[in-house]
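Engineer: Can you keep this structure in mind? I'll have questions shortly.
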2 protein chains.
Amino acid sequence: MGMKRIAVLASGRGSNFQAIIDRVCDGTIPAEFACLITDNPSAYAIKRAEKHDISVSVVSFSDYPDRESYNQALEKAMQESGADLFVLAGYMRLLKPETVRGFAGKMINIHPALLPSFSGLHAQQQALDYGVKIAGCTVHFVDEGMDTGLIILQYPVVVLSDDTEESLAARIMEFEHLSLPLAVKLFCEDRLEVSGRTVIIHDHQDE
Amino acid sequence: MGMKRIAVLASGRGSNFQAIIDRVCDGTIPAEFACLITDNPSAYAIKRAEKHDISVSVVSFSDYPDRESYNQALEKAMQESGADLFVLAGYMRLLKPETVRGFAGKMINIHPALLPSFSGLHAQQQALDYGVKIAGCTVHFVDEGMDTGLIILQYPVVVLSDDTEESLAARIMEFEHLSLPLAVKLFCEDRLEVSGRTVIIHDHQDE
């Protein structure tokens, strides 16, 4: 059984992409990169990919006459990547249900809240507005719903009384940088098993 | 400023009531008990109260001809207790909105989930059914909604892959026994301040 191949989808800065790069480079994640796919030709994530000789597919919405042809191009890029795992790491464009179905069980996302609380946009501000004392982040398989997929990992993060959206987002992001690479590692080591809505994490089997 | 007086409302075993008794007896919570109020004449909580010379008001639904007269009796018992704080510690009967409004800001509840996730009954089973990795408990002020009041404290609790409703409930309960007495202590020390939906916890001021 060969090494798994990872494709990362990102739209912006790509700090979670970098966290995965770091753990692949130091051998923590036993995988290699298939490519970075981005919808944003000026995403800083592209620079990170180039620095590590990771090939880049830019599928920019504005290059296509309509949503249908854009989606076809995106799916083509994903299929041609040959990746075993697709990681949404700050990919800001919603995927079509057909696309999600086509890559079911092979696509994961990170969300800056303890789902099912605070799905959707501005999760950190939602948490502050509600007044929770414990926020967090969730890595989950992507399904057709909005942040409703099976949960792989969650980390709790304390909310401080003087937190702003920015300070809370920054604190949560530190845990995103731990949890997303760990989820990728568990996937690549074939240690995730789905049972109903529970994702069972198996102990590492040394060979 | 004299010591605060606490009334506890419980329907059953009263293990959270006992946790508060223990912290009052060892001086951690600077308060005295007004009474235990229960709707269940055979609640084990009554034995706990008697052991510590805490007066007991039994307001049993079956003793009243209708819901209205029952509610009047319950409110009367609450008012006559002279308590500054009313703690719902496994009180299984829903309070009327009018009752809740009458004691606004003076009534707290503990819920075995990280609200706003999994409000209502069987929160631990709801968490298992959803497949979360982090469960927990929440102490909150009671408002007219179902577990929607302002959050005072939350504790995260790890869900294990072989958890049953019973094993998860038992693990969460250990944290309930920490967090409910702590919230009572903070209230009795006048260290809680409401700002919008956020409950700010002030540092302890030694005198």
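Every chain in the structure tokens has a letter given in the order shown (A, B, ...), and although residue numbers restart at 1 in each chain, ligands are simply numbered from 1 in the order shown.
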Can you pull out the residues contacting Ile54 (chain A)? Cut-off 8 Å, using only C-alpha atoms, and skip same-chain residues under 6 positions away; I want them as a PyMOL selection string.

Structural biologist: chain A and resi 33-36

Engineer: Can you work out which residues from chain B touch chain A at a cut-off of 12 Å (counting only C-alpha atoms) and hand them back as JSON, numbers by chain?

Structural biologist: {"B": [113, 114, 115, 116, 117, 118, 119, 126, 127, 128, 129, 130, 131, 132, 133, 134, 135, 136, 137, 138, 139, 140, 141, 148, 149, 150, 151, 152, 153, 154, 155, 156, 157, 158, 159, 160, 161, 162, 163, 192, 193, 194, 195, 196, 197, 198, 199, 200, 201, 202, 203]}

Engineer: Report, in Å with one decimal, the straight-line distance from CA of Gln125 (chain A) to CA of Glu165 (chain A).

Structural biologist: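 Going from CA of Gln125 (chain A) over to CA of Glu165 (chain A), I get 5.4 Å.
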
Engineer: Quote the spacing between CA of Pro181 (chain A) and CA of Pro112 (chain A) in Å to one decimal place.

Structural biologist: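 It comes out at 14.8 Å.
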
Engineer: Might you pull out every residue within 10 Å of Arg23 (chain B), with only C-alpha atoms counted and same-chain residues fewer than 5 positions away left off, and present them as number ranges by chain?

Structural biologist: B: 18, 28-31, 178, 181-182, 184-185

Engineer: Have a look at A:Gly27, A:Gly14, A:Gly105, A:Gly120 and name the one nearest to Leu85 (chain A); count only C-alpha atoms.

Structural biologist: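 When distances to Leu85 (chain A) are compared using only C-alpha atoms, the smallest one comes from A:Gly105.
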
Engineer: Between A:Arg191, A:Arg48, A:Lys4, A:His122, which residue has the minimum interatomic distance to Asn16 (chain A), considering only C-alpha atoms?

Structural biologist: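 The shortest atom-to-atom distance to Asn16 (chain A) comes from A:Arg48.
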
Engineer: Just to confirm, what's the straight-line distance from CA of Met92 (chain A) to CA of Cys25 (chain A) in Å (one decimal)?

Structural biologist: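 Pair CA of Met92 (chain A) / CA of Cys25 (chain A) returns 25.9 Å.
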
Engineer: Write out as a ChimeraX atom specification the set of residues from region 13-178 of chain B that DSSP, computed on the backbone, places in helix (DSSP H, G or I).

Structural biologist: /B:15-25,44-51,61-63,67-81,97-102,123-130,165-178

Engineer: Selected residues, C-alpha atoms, written as a CSV table (one decimal), in the first residue's frame, please.

Structural biologist:
```csv
chain,number,residue,atom,x,y,z
B,15,SER,CA,-25.9,14.6,43.9
B,16,ASN,CA,-25.4,18.1,42.7
B,17,PHE,CA,-27.2,19.3,45.9
B,18,GLN,CA,-24.7,17.3,47.9
B,19,ALA,CA,-21.8,18.9,45.9
B,20,ILE,CA,-23.1,22.3,47.0
B,21,ILE,CA,-23.6,21.2,50.6
B,22,ASP,CA,-20.0,20.0,50.7
B,23,ARG,CA,-18.6,23.3,49.5
B,24,VAL,CA,-20.8,25.3,51.9
B,25,CYS,CA,-19.8,23.0,54.8
B,44,TYR,CA,-33.3,11.1,48.3
B,45,ALA,CA,-32.3,14.8,48.3
B,46,ILE,CA,-34.6,15.1,51.3
B,47,LYS,CA,-32.4,12.8,53.3
B,48,ARG,CA,-29.4,14.8,52.4
B,49,ALA,CA,-31.1,18.0,53.6
B,50,GLU,CA,-32.2,16.4,56.9
B,51,LYS,CA,-28.7,15.2,57.6
B,61,PHE,CA,-47.9,18.2,42.0
B,62,SER,CA,-50.4,15.5,43.2
B,63,ASP,CA,-51.3,17.5,46.3
B,67,ARG,CA,-51.5,23.2,37.6
B,68,GLU,CA,-52.4,26.8,38.6
B,69,SER,CA,-52.7,26.1,42.3
B,70,TYR,CA,-49.5,24.0,42.2
B,71,ASN,CA,-47.6,26.8,40.7
B,72,GLN,CA,-49.0,29.3,43.2
B,73,ALA,CA,-47.8,27.0,46.0
B,74,LEU,CA,-44.3,26.6,44.4
B,75,GLU,CA,-43.9,30.3,44.0
B,76,LYS,CA,-45.1,30.9,47.6
B,77,ALA,CA,-42.5,28.4,48.9
B,78,MET,CA,-39.8,30.1,46.8
B,79,GLN,CA,-40.7,33.6,48.0
B,80,GLU,CA,-41.1,32.5,51.7
B,81,SER,CA,-37.6,30.9,51.6
B,97,PRO,CA,-42.5,31.6,32.4
B,98,GLU,CA,-44.1,33.9,35.0
B,99,THR,CA,-42.2,32.1,37.8
B,100,VAL,CA,-39.0,32.4,35.8
B,101,ARG,CA,-39.5,36.1,35.2
B,102,GLY,CA,-40.3,36.6,38.9
B,123,ALA,CA,-28.4,15.7,26.2
B,124,GLN,CA,-25.7,13.0,26.7
B,125,GLN,CA,-27.5,10.6,24.3
B,126,GLN,CA,-28.0,13.5,21.8
B,127,ALA,CA,-24.2,14.1,21.9
B,128,LEU,CA,-23.5,10.4,21.3
B,129,ASP,CA,-26.0,10.3,18.5
B,130,TYR,CA,-24.4,13.3,16.8
B,165,GLU,CA,-25.1,7.2,27.7
B,166,GLU,CA,-24.4,6.0,31.2
B,167,SER,CA,-20.6,6.2,31.0
B,168,LEU,CA,-20.7,9.6,29.4
B,169,ALA,CA,-23.3,10.9,31.8
B,170,ALA,CA,-21.2,9.7,34.7
B,171,ARG,CA,-18.0,11.4,33.4
B,172,ILE,CA,-19.9,14.7,32.7
B,173,MET,CA,-21.4,14.5,36.2
B,174,GLU,CA,-18.0,14.7,37.8
B,175,PHE,CA,-17.6,18.1,36.1
B,176,GLU,CA,-21.1,19.1,37.1
B,177,HIS,CA,-20.1,18.6,40.7
B,178,LEU,CA,-17.2,21.0,40.2
```
